[in-house]
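Coordinates from input07.cif are shown below (mmCIF, C-alpha atoms).
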data_structure
loop_
_atom_site.group_PDB
_atom_site.id
_atom_site.type_symbol
_atom_site.label_atom_id
_atom_site.label_comp_id
_atom_site.auth_asym_id
_atom_site.auth_seq_id
_atom_site.Cartn_x
_atom_site.Cartn_y
_atom_site.Cartn_z
ATOM 1 C CA MET W 97 -40.777 20.256 80.530
ATOM 2 C CA ASP W 98 -43.224 22.403 78.583
ATOM 3 C CA SER W 99 -41.330 23.413 75.480
ATOM 4 C CA ASN W 100 -42.149 21.493 72.307
ATOM 5 C CA ILE W 101 -38.476 21.856 71.385
ATOM 6 C CA THR W 102 -37.479 20.177 74.645
ATOM 7 C CA ILE W 103 -39.966 17.311 74.290
ATOM 8 C CA GLN W 104 -38.899 16.654 70.695
ATOM 9 C CA TYR W 105 -35.259 16.603 71.777
ATOM 10 C CA TYR W 106 -35.933 13.964 74.445
ATOM 11 C CA GLY W 107 -37.350 11.431 71.997
ATOM 12 C CA PRO W 108 -36.388 7.728 71.682
ATOM 13 C CA GLU W 109 -32.963 8.377 70.146
ATOM 14 C CA HIS W 110 -31.861 10.765 72.886
ATOM 15 C CA ALA W 111 -33.498 8.735 75.653
ATOM 16 C CA ALA W 112 -31.425 5.719 74.607
ATOM 17 C CA ARG W 113 -28.144 7.551 75.215
ATOM 18 C CA TYR W 114 -29.218 9.996 77.950
ATOM 19 C CA ASP W 115 -27.683 8.230 80.945
ATOM 20 C CA ASP W 116 -24.390 7.620 79.189
ATOM 21 C CA GLU W 117 -24.124 11.233 77.992
ATOM 22 C CA SER W 118 -25.132 12.593 81.403
ATOM 23 C CA ASN W 119 -22.019 11.076 82.948
ATOM 24 C CA VAL W 120 -20.038 13.489 80.759
ATOM 25 C CA THR W 121 -22.249 16.582 80.416
ATOM 26 C CA LEU W 122 -23.953 16.894 83.819
ATOM 27 C CA GLY W 123 -20.910 16.846 86.085
ATOM 28 C CA SER W 124 -20.347 14.140 88.681
ATOM 29 C CA ARG W 125 -23.474 12.004 88.847
ATOM 30 C CA GLU W 126 -21.873 10.125 91.739
ATOM 31 C CA TRP W 127 -21.472 13.395 93.666
ATOM 32 C CA HIS W 128 -25.058 14.406 92.866
ATOM 33 C CA ALA W 129 -26.279 11.041 94.135
ATOM 34 C CA GLN W 130 -24.258 11.260 97.347
ATOM 35 C CA CYS W 131 -25.475 14.826 97.941
ATOM 36 C CA LEU W 132 -29.076 13.709 97.603
ATOM 37 C CA ARG W 133 -28.549 10.742 99.934
ATOM 38 C CA ASP W 134 -27.005 13.065 102.516
ATOM 39 C CA VAL W 135 -29.881 15.540 102.269
ATOM 40 C CA LEU W 136 -32.490 12.786 102.545
ATOM 41 C CA ALA W 137 -30.752 11.398 105.640
ATOM 42 C CA PHE W 138 -30.838 14.888 107.183
ATOM 43 C CA LEU W 139 -34.571 15.440 106.725
ATOM 44 C CA GLU W 140 -36.843 15.169 109.747
ATOM 45 C CA PRO W 141 -39.408 13.785 109.717
ATOM 46 C CA THR W 142 -38.399 11.294 107.036
ATOM 47 C CA PRO W 143 -40.483 11.931 103.888
ATOM 48 C CA ARG W 144 -43.219 9.355 103.373
ATOM 49 C CA ARG W 145 -44.664 10.694 100.118
ATOM 50 C CA PHE W 146 -42.684 12.461 97.416
ATOM 51 C CA LEU W 147 -43.144 13.994 93.972
ATOM 52 C CA GLU W 148 -40.416 14.155 91.354
ATOM 53 C CA LEU W 149 -40.740 16.622 88.480
ATOM 54 C CA GLY W 150 -38.792 15.668 85.359
ATOM 55 C CA CYS W 151 -37.798 12.165 86.440
ATOM 56 C CA GLY W 152 -36.237 11.330 83.058
ATOM 57 C CA THR W 153 -34.932 7.763 83.007
ATOM 58 C CA GLY W 154 -35.477 7.329 86.759
ATOM 59 C CA TYR W 155 -31.874 7.810 87.925
ATOM 60 C CA PHE W 156 -32.749 9.927 90.969
ATOM 61 C CA THR W 157 -36.164 8.314 91.448
ATOM 62 C CA SER W 158 -34.498 4.983 92.064
ATOM 63 C CA LEU W 159 -32.103 6.561 94.536
ATOM 64 C CA ILE W 160 -34.967 8.184 96.465
ATOM 65 C CA ALA W 161 -36.964 4.954 96.554
ATOM 66 C CA GLU W 162 -33.931 3.019 97.818
ATOM 67 C CA THR W 163 -33.008 5.612 100.448
ATOM 68 C CA LEU W 164 -36.601 6.012 101.664
ATOM 69 C CA PRO W 165 -37.857 2.399 101.689
ATOM 70 C CA ASN W 166 -41.121 3.305 103.422
ATOM 71 C CA SER W 167 -42.022 6.046 100.979
ATOM 72 C CA THR W 168 -44.426 6.210 98.065
ATOM 73 C CA GLY W 169 -43.930 8.559 95.158
ATOM 74 C CA VAL W 170 -45.240 10.143 91.995
ATOM 75 C CA ALA W 171 -42.734 10.730 89.172
ATOM 76 C CA ILE W 172 -43.620 12.981 86.235
ATOM 77 C CA ASP W 173 -41.894 13.618 82.920
ATOM 78 C CA GLY W 174 -42.993 15.119 79.621
ATOM 79 C CA SER W 175 -41.185 12.541 77.482
ATOM 80 C CA GLU W 176 -42.813 9.142 76.906
ATOM 81 C CA ALA W 177 -39.476 7.821 75.637
ATOM 82 C CA MET W 178 -37.681 8.771 78.858
ATOM 83 C CA LEU W 179 -40.504 7.313 80.953
ATOM 84 C CA ALA W 180 -40.284 4.031 79.042
ATOM 85 C CA LYS W 181 -36.700 3.682 80.261
ATOM 86 C CA ALA W 182 -37.725 4.782 83.744
ATOM 87 C CA ARG W 183 -40.427 2.117 83.979
ATOM 88 C CA THR W 184 -37.831 -0.567 83.332
ATOM 89 C CA ALA W 185 -35.304 0.891 85.766
ATOM 90 C CA LEU W 186 -37.936 1.406 88.464
ATOM 91 C CA SER W 187 -39.675 -1.949 88.151
ATOM 92 C CA PRO W 188 -38.372 -3.090 91.607
ATOM 93 C CA PHE W 189 -40.346 -0.196 93.131
ATOM 94 C CA SER W 190 -43.463 -0.421 90.956
ATOM 95 C CA ASP W 191 -45.717 -1.078 93.953
ATOM 96 C CA ARG W 192 -44.637 2.232 95.505
ATOM 97 C CA LEU W 193 -44.299 4.503 92.481
ATOM 98 C CA GLU W 194 -46.731 6.099 90.066
ATOM 99 C CA LEU W 195 -45.220 7.337 86.798
ATOM 100 C CA ASN W 196 -47.070 9.929 84.740
ATOM 101 C CA ALA W 197 -46.347 11.411 81.315
ATOM 102 C CA ARG W 198 -47.340 15.057 81.699
ATOM 103 C CA MET W 199 -46.151 18.524 80.827
ATOM 104 C CA PHE W 200 -45.391 20.599 83.934
ATOM 105 C CA SER W 201 -48.230 22.960 83.013
ATOM 106 C CA ASP W 202 -50.655 19.995 83.035
ATOM 107 C CA VAL W 203 -49.788 18.542 86.445
ATOM 108 C CA PRO W 204 -53.120 17.923 88.283
ATOM 109 C CA TRP W 205 -51.922 19.400 91.560
ATOM 110 C CA ARG W 206 -55.210 19.224 93.444
ATOM 111 C CA SER W 207 -55.892 15.599 92.622
ATOM 112 C CA LEU W 208 -52.333 14.594 93.495
ATOM 113 C CA GLY W 209 -52.718 15.782 97.066
ATOM 114 C CA GLU W 210 -49.904 16.845 99.384
ATOM 115 C CA PHE W 211 -46.305 15.732 99.664
ATOM 116 C CA ASP W 212 -43.552 15.651 102.269
ATOM 117 C CA MET W 213 -40.999 16.341 99.570
ATOM 118 C CA VAL W 214 -40.844 17.601 95.997
ATOM 119 C CA PHE W 215 -37.645 16.960 94.042
ATOM 120 C CA SER W 216 -36.472 18.044 90.606
ATOM 121 C CA ALA W 217 -33.132 17.699 88.831
ATOM 122 C CA PHE W 218 -32.046 19.427 85.613
ATOM 123 C CA SER W 219 -35.568 19.966 84.262
ATOM 124 C CA ILE W 220 -37.074 23.258 85.438
ATOM 125 C CA HIS W 221 -34.448 25.307 83.582
ATOM 126 C CA HIS W 222 -36.283 24.378 80.373
ATOM 127 C CA LEU W 223 -39.191 26.650 81.398
ATOM 128 C CA GLU W 224 -39.574 30.353 80.708
ATOM 129 C CA ASP W 225 -39.233 32.474 83.868
ATOM 130 C CA PRO W 226 -42.982 33.146 84.336
ATOM 131 C CA ALA W 227 -43.654 29.390 84.045
ATOM 132 C CA LYS W 228 -40.909 28.718 86.615
ATOM 133 C CA LYS W 229 -42.527 31.116 89.083
ATOM 134 C CA SER W 230 -45.949 29.570 88.543
ATOM 135 C CA LEU W 231 -44.499 26.098 89.081
ATOM 136 C CA TYR W 232 -42.734 27.153 92.289
ATOM 137 C CA HIS W 233 -46.071 28.447 93.593
ATOM 138 C CA GLU W 234 -47.768 25.122 92.854
ATOM 139 C CA ILE W 235 -44.917 23.223 94.492
ATOM 140 C CA SER W 236 -45.133 25.362 97.628
ATOM 141 C CA SER W 237 -48.895 24.877 97.797
ATOM 142 C CA SER W 238 -48.542 21.100 97.486
ATOM 143 C CA LEU W 239 -46.114 20.714 100.385
ATOM 144 C CA LEU W 240 -47.171 19.671 103.860
ATOM 145 C CA PRO W 241 -46.235 22.162 106.643
ATOM 146 C CA GLU W 242 -42.885 20.458 107.317
ATOM 147 C CA GLY W 243 -42.332 19.495 103.683
ATOM 148 C CA CYS W 244 -39.365 20.549 101.547
ATOM 149 C CA PHE W 245 -38.438 21.257 97.940
ATOM 150 C CA ILE W 246 -35.057 19.987 96.705
ATOM 151 C CA LEU W 247 -33.799 21.429 93.410
ATOM 152 C CA PHE W 248 -30.742 20.381 91.424
ATOM 153 C CA ASP W 249 -30.525 22.531 88.296
ATOM 154 C CA SER W 250 -28.578 24.813 85.964
ATOM 155 C CA PHE W 251 -28.587 28.541 86.636
ATOM 156 C CA ARG W 252 -27.284 31.634 84.892
ATOM 157 C CA PRO W 253 -25.337 34.216 86.929
ATOM 158 C CA PRO W 254 -26.632 37.802 86.579
ATOM 159 C CA SER W 255 -23.156 39.024 85.588
ATOM 160 C CA GLY W 256 -22.033 38.451 81.994
ATOM 161 C CA LYS W 257 -18.448 37.795 83.115
ATOM 162 C CA ALA W 258 -19.590 35.301 85.751
ATOM 163 C CA ASP W 259 -21.771 33.576 83.144
ATOM 164 C CA GLU W 260 -18.757 33.347 80.818
ATOM 165 C CA LEU W 261 -16.646 31.852 83.624
ATOM 166 C CA LEU W 262 -19.328 29.320 84.583
ATOM 167 C CA GLU W 263 -19.642 28.227 80.953
ATOM 168 C CA ARG W 264 -15.870 27.800 80.728
ATOM 169 C CA LEU W 265 -15.665 25.783 83.959
ATOM 170 C CA THR W 266 -18.567 23.589 82.869
ATOM 171 C CA CYS W 267 -17.030 22.898 79.474
ATOM 172 C CA LEU W 268 -13.587 22.217 80.952
ATOM 173 C CA ASP W 269 -15.232 19.598 83.169
ATOM 174 C CA ILE W 270 -16.977 18.083 80.140
ATOM 175 C CA LEU W 271 -13.661 18.063 78.250
ATOM 176 C CA ARG W 272 -11.893 16.203 81.095
ATOM 177 C CA ARG W 273 -14.678 13.664 81.457
ATOM 178 C CA HIS W 274 -14.726 13.060 77.713
ATOM 179 C CA LYS W 275 -10.968 12.478 77.671
ATOM 180 C CA HIS W 276 -11.165 10.168 80.693
ATOM 181 C CA ARG W 277 -13.830 8.041 78.984
ATOM 182 C CA THR W 278 -12.449 8.033 75.436
ATOM 183 C CA GLY W 279 -8.760 8.930 75.750
ATOM 184 C CA LYS W 280 -9.263 11.573 73.060
ATOM 185 C CA ASP W 281 -8.420 15.267 73.244
ATOM 186 C CA VAL W 282 -10.996 17.842 72.161
ATOM 187 C CA GLN W 283 -10.449 21.573 71.750
ATOM 188 C CA LEU W 284 -12.174 23.650 74.435
ATOM 189 C CA ASP W 285 -13.701 25.963 71.806
ATOM 190 C CA LYS W 286 -15.316 22.933 70.170
ATOM 191 C CA VAL W 287 -16.762 21.771 73.506
ATOM 192 C CA ILE W 288 -18.186 25.252 74.170
ATOM 193 C CA GLU W 289 -19.695 25.381 70.668
ATOM 194 C CA THR W 290 -21.280 21.940 71.115
ATOM 195 C CA ASP W 291 -22.594 22.809 74.597
ATOM 196 C CA ARG W 292 -24.232 25.995 73.298
ATOM 197 C CA ARG W 293 -25.783 24.127 70.357
ATOM 198 C CA LYS W 294 -27.203 21.397 72.583
ATOM 199 C CA LYS W 295 -28.703 23.957 74.961
ATOM 200 C CA LEU W 296 -30.481 25.548 72.008
ATOM 201 C CA GLU W 297 -31.703 22.141 70.804
ATOM 202 C CA GLN W 298 -32.983 21.293 74.275
ATOM 203 C CA GLY W 299 -34.741 24.618 74.690
ATOM 204 C CA ASP W 300 -32.720 25.574 77.789
ATOM 205 C CA LYS W 301 -33.775 28.813 79.501
ATOM 206 C CA GLU W 302 -31.541 29.120 82.547
ATOM 207 C CA SER W 303 -32.253 32.095 84.777
ATOM 208 C CA SER W 304 -30.571 33.605 87.812
#

Structure translated into structure tokens:
Amino acid sequence: MDSNITIQYYGPEHAARYDDESNVTLGSREWHAQCLRDVLAFLEPTPRRFLELGCGTGYFTSLIAETLPNSTGVAIDGSEAMLAKARTALSPFSDRLELNARMFSDVPWRSLGEFDMVFSAFSIHHLEDPAKKSLYHEISSSLLPEGCFILFDSFRPPSGKADELLERLTCLDILRRHKHRTGKDVQLDKVIETDRRKKLEQGDKESS
């Protein structure tokens, strides 16, 4: 995350409720986790050293460390508040993980060395397009010959109508999850309005 808006948004207050909110706003976390487990099981050779960009509270980092018990990793996030939660969650793997508070533009790629796998979830969409392209180049350069890059993220369809549909489907999913957790009905228009406002607050810059 490189935007000052984004870093300010992910301060202590938001970090405290991030995991709980993500179960409503980011789709099925259980499905995301199972997808990642399935992909990791498919990889050959099994990754021994990984890098995670935008590790947040350590949700996926923990999953990777559990699924790849012989691996070591570096996890990076721009928010000290999110990393504070991650350090607690990842304490069982502290001997295998290095956590760094850094902006994506300040990642010391050369000193970090090479990786079998680079992973990022719901973070790179905060960057402007030129910064995304620069980051993808650095990721590619950091991978070993048989290494891979796994990206879970938000994207924007090139068609305005498709973008409108994706927003509607996303917000309908949020509405259902909210009702399931709270038992309360919310108007779809209100969910869409809130989703748009939060994306502005977070500095989201989804691209196709």

Given all atoms listed in the file as the counted atoms, nearest of W:Gly152, W:Gly279, W:Gly123, W:Gly209 to Leu265 in chain W: W:Gly123

Chain and number of each residue from the PyMOL selection byres ((chain W and resi 120) around 10), as a ChimeraX atom specification: /W:115-119,121-125,267,269-277

Selection under test: the PyMOL selection byres ((chain W and resi 264) around 12); residues as a PyMOL selection string: chain W and resi 257-263+265-271+284-289+291-292

Please save C-alpha atoms of the selected residues as a CSV table (one decimal), keeping the file's coordinate frame.
chain,number,residue,atom,x,y,z
W,257,LYS,CA,-18.4,37.8,83.1
W,258,ALA,CA,-19.6,35.3,85.8
W,259,ASP,CA,-21.8,33.6,83.1
W,260,GLU,CA,-18.8,33.3,80.8
W,261,LEU,CA,-16.6,31.9,83.6
W,262,LEU,CA,-19.3,29.3,84.6
W,263,GLU,CA,-19.6,28.2,81.0
W,265,LEU,CA,-15.7,25.8,84.0
W,266,THR,CA,-18.6,23.6,82.9
W,267,CYS,CA,-17.0,22.9,79.5
W,268,LEU,CA,-13.6,22.2,81.0
W,269,ASP,CA,-15.2,19.6,83.2
W,270,ILE,CA,-17.0,18.1,80.1
W,271,LEU,CA,-13.7,18.1,78.2
W,284,LEU,CA,-12.2,23.6,74.4
W,285,ASP,CA,-13.7,26.0,71.8
W,286,LYS,CA,-15.3,22.9,70.2
W,287,VAL,CA,-16.8,21.8,73.5
W,288,ILE,CA,-18.2,25.3,74.2
W,289,GLU,CA,-19.7,25.4,70.7
W,291,ASP,CA,-22.6,22.8,74.6
W,292,ARG,CA,-24.2,26.0,73.3

Counting all atoms listed in the file, the option among W:Thr153, W:Cys131, W:Lys228, W:Gly299 closest to Ser175 in chain W: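 Distance minimum relative to Ser175 in chain W lands on W:Thr153.
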
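Distances from W:Ala185, W:Gly154, W:His222, W:His128 to Leu296 in chain W were compared using only C-alpha atoms, and the smallest one belongs to W:His222.
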
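Minimum atom-to-atom distances from W:Leu247, W:Ala180, W:Leu231, W:Leu186 to Asp202 in chain W were compared using all atoms listed in the file, and the lowest value belongs to W:Leu231.
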
Show me, as JSON lines, the residues of range 170-265 of chain W having an atom within 7 Å of range 142-145 of chain W, each with the closest atom pair and its distance in Å, using all atoms listed in the file.
{"residue": "W:Phe211", "atom": "CA", "partner": "W:Arg145", "partner_atom": "CA", "distance": 5.3}
{"residue": "W:Asp212", "atom": "CA", "partner": "W:Pro143", "partner_atom": "CA", "distance": 5.1}
{"residue": "W:Met213", "atom": "CA", "partner": "W:Pro143", "partner_atom": "CA", "distance": 6.2}

Hits of the PyMOL selection byres ((chain W and resi 172) around 10) in this structure, as an NGL selection string: :W and (97 or 147-152 or 154 or 169-171 or 173-175 or 179 or 194-200 or 203 or 216)

CA of Ser207 in chain W to CA of Thr168 in chain W, straight-line distance in Å: 15.8 Å

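Our summary of the geometry notes that CA of Thr163 in chain W is positioned 25.9 Å from CA of Ala112 in chain W.
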
One-decimal distance in Å that lies between CA of Arg192 in chain W and CA of Ala161 in chain W: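 According to the coordinates, CA of Ala161 in chain W and CA of Arg192 in chain W are separated by 8.2 Å.
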
Shortest interatomic distance to Phe251 in chain W - which of W:Ser238, W:Ser190, W:Ser219, W:Ser167, counting all atoms listed in the file: W:Ser219

Shortest interatomic distance to Ser230 in chain W - which of W:Ser201, W:Phe156, W:Arg113, W:Thr184, counting only C-alpha atoms: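 Nearest candidate to Ser230 in chain W out of W:Ser201, W:Phe156, W:Arg113, W:Thr184: W:Ser201.
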
Using all atoms of range 137-153 of chain W listed in the file and a margin of 6 Å per side, can you give the axis-aligned box centre and edge lengths in Å to one decimal, as JSON?
{"center_x": -37.7, "center_y": 12.2, "center_z": 96.4, "size_x": 25.9, "size_y": 20.9, "size_z": 38.7}

Exercise: residues within 6 Å of coordinate (-33.0, 22.1, 85.3), counting all atoms listed in the file, as number ranges by chain: W: 217-221, 249-250

Can I get the selection written as a PDB file, in the coordinates of the input, with C-alpha atoms?
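Output (result23.pdb):
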ATOM      1  CA  ALA W 217     -33.132  17.699  88.831  1.00  0.00           C
ATOM      2  CA  PHE W 218     -32.046  19.427  85.613  1.00  0.00           C
ATOM      3  CA  SER W 219     -35.568  19.966  84.262  1.00  0.00           C
ATOM      4  CA  ILE W 220     -37.074  23.258  85.438  1.00  0.00           C
ATOM      5  CA  HIS W 221     -34.448  25.307  83.582  1.00  0.00           C
ATOM      6  CA  ASP W 249     -30.525  22.531  88.296  1.00  0.00           C
ATOM      7  CA  SER W 250     -28.578  24.813  85.964  1.00  0.00           C
TER       8      SER W 250
END
